[in-house]
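Since the structure comes first, as structure tokens, the remarks are kept for the end.
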Amino acid sequence: MISADEKNIGQKLNPNRVVIKIGTRILDSDKVVFNTTRIKSIVSEIAQLHNAGKEVLIVSSGAVGAGMRELNMDRRPQNIPELQALAAIGQGKLIHMYNQEFAKYNIKVAQLLLSRADVNDRRRYLNIRYTLLELLKFRVIPIINENDTVTIEELKFGDNDNLSALIASKIDADLLIIMTDVDGLYSCDPKKVKDAKCIPVVEKITDEIKGMAKGVQAELTVGGMITKISAADIATKSGIYTIIANGLKEQTITKIMSGEEVGTLFLPVKSKKMSMKKRYLLLSKVMLNKKIVVDDGAKNALIKNNKSLLPIGVVDVVGEFLRGAIVEIVDKDNNVIGKGLVNYSSEEIKKIKRKKTAEITGILGSKPYDEVIHKDNLVL
């Protein structure tokens, strides 16, 4: 049962640090590059938050859409070079628009363009965090977007919904607001079913919730409601309240912050606060199919008993990797259990799999670690 306090997130938390994701559909206009009227309204609301002492970060889509409008294109291309070219055309227009509108309130903005590689690399991950925190200290609003101009497919976030969740987690935000063109998560597709109902609160993101989110992809945008649920999953696991709401309606941000019930609220996972290292692991993408397959005993030890992964529980190794790589941990049916930083290379793990810890030295000639993955370097 959800309490009234938990529904009224603005009053309950009085969130100080807020990440707002603005989708292409909010910025786009059928006739011109940007929906100027709507943008002015949203900037005005954010300016009010900023001037009230709140810390606000914006994750904004729209570069590719702006490029499409500039070239009079109706359909979003599928190939990477065309998308990169459109992003190059549109990104300058996007940041100029924000700079121009926020300047009316004497608010400075900064542009950050990120790729998945910036998150996967631990040093760059930390540097992004420090940069964002410094900008907030200077009372500057960061405008963040994926670096579509240079990012290759393997290093893409895939959409700005997930990027907004990664940013929110990275800087310990209190609240993530994902603004889209629908009122929230519906029980089924409201465009197809008349009596579809908007769900006000989601306690836990389950397979049933993900099933509700499957829908049709728009012409100008990537993903749909399913990517927003994926983002909410990341954010709530990091202890962040998340709201999916209609950004085309007036005063959406203001209503949320004043405690009104707007959109769909996703409650954070109620557990011990995740460490920065574990949060980094959660957000990192495993590249090139790197996996460690474990037996049922190891699976239970990891999930139920919060144990480290020992060599004796390893059944197989997929892919090649060095010490310190981030790999997926899967069971024998290829179900993902979690991710972790390995203490041994793939070749070393192949040699010591199914062996006791005491046998490692005899096999490898030394034993720098007892564990294949220590519990402190593992996230489920």
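A note on labels: chains of the structure tokens are A, B, ... as shown, every chain counts residues from 1, and ligands are counted from 1 in their shown order.
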key: Spatial neighbours of stretch 126-133 of chain A, 8 Å, only C-alpha atoms, chain gap at least 5 places, as number ranges by chain   = A: 118, 142, 170-171
task = Apply DSSP to the backbone of this structure and, from stretch 117-242 of chain A, keep only the residues in alpha helix (DSSP H); write these as a ChimeraX atom specification.
result = /A:117-120,122-137,160-170,207-213,225-237
For stretch 325-351 of chain A against stretch 305-309 of chain A, with a cut-off of 10 Å and counting only C-alpha atoms, what is the closest atom pair and its distance in Å to one decimal for every residue that makes the cut, ordered by chain and number, as a tab-separated table?
residue	atom	partner	partner_atom	distance
A:Ile329	CA	A:Leu309	CA	9.5
A:Gly340	CA	A:Leu309	CA	9.6
A:Val342	CA	A:Leu309	CA	9.5
Residues from last step as file, C-alpha atoms, as a PDB file, in the first residue's frame:
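Output file part-v1.pdb is given in full below:
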ATOM      1  CA  ILE A 329      27.855 -13.236 -14.298  1.00  0.00           C
ATOM      2  CA  GLY A 340      31.641  -7.476 -11.463  1.00  0.00           C
ATOM      3  CA  VAL A 342      37.421  -9.715 -12.164  1.00  0.00           C
TER       4      VAL A 342
END
Give me the residues near A:Leu380 as a compact mmCIF listing (two decimals) with C-alpha atoms, in the first residue's frame, where near means some atom within 8 Å (using only C-alpha atoms) and where sequence neighbours in that chain fewer than 3 positions away do not count.
# COMPACT_ATOMS: atom_id res chain seq x y z
CA ILE A 303 22.13 -13.76 -4.46
CA ILE A 337 22.83 -12.55 -12.21
CA GLY A 338 25.01 -9.47 -12.03
CA LYS A 339 28.24 -7.75 -13.07
ask   = Which of these, A:Ala173, A:Val140, A:Ala196, A:Val315, has the shortest distance to A:Ala47 once you count only C-alpha atoms?
value =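 Using only C-alpha atoms, the shortest distance to A:Ala47 belongs to A:Val140.
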request  = Output as a VMD selection string all residues of stretch 31-60 of chain A that backbone DSSP marks as strand (DSSP E).
outcome  = chain A and resid 55 to 60
inquiry  = Quick one: residues within 10 Å of A:Gly297, only C-alpha atoms, excluding same-chain residues fewer than 6 positions away - as a PyMOL selection string?
reply    = chain A and resi 312-314
task = Measuring atom to atom with only C-alpha atoms, identify which of A:Gln48, A:Gln91, A:Asn160, A:Thr357 is nearest to A:Ser60.
result = A:Asn160
Who sits within 12 Å of A:Asp159, only C-alpha atoms, same chain under 5 positions skipped, as number ranges by chain = A: 21-24, 59-62, 64, 114-116, 145-148, 153, 164-166, 221-228, 230-231
task = May I have the residues within 9 Å of A:Thr252 as a list in words, using only C-alpha atoms and disregarding those fewer than 6 positions away in the same chain?
result =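 Those residues are Ile42, Glu45, Met179, Ala245, Asn246, Val262 and Gly263 of chain A.
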query = Between atom CA of A:Leu378 and atom CA of A:Leu175, what is the spacing in Å?
reply =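 Atom CA of A:Leu378 lies 25.4 Å from atom CA of A:Leu175.
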message = Given only C-alpha atoms as the basis, pick out the residue of A:Val379, A:Pro81, A:Lys355, A:Val56 nearest to A:Ile253.
response = A:Val56
key: Residue nearest A:Ser258 among A:Leu49, A:Val317, A:Ala168, A:Ile178 (counting only C-alpha atoms)   = A:Leu49
query = Counting only C-alpha atoms, what is within 6 Å of A:Ile58, bar same-chain residues fewer than 4 positions away, as a PyMOL selection string?
reply = chain A and resi 19-21+143
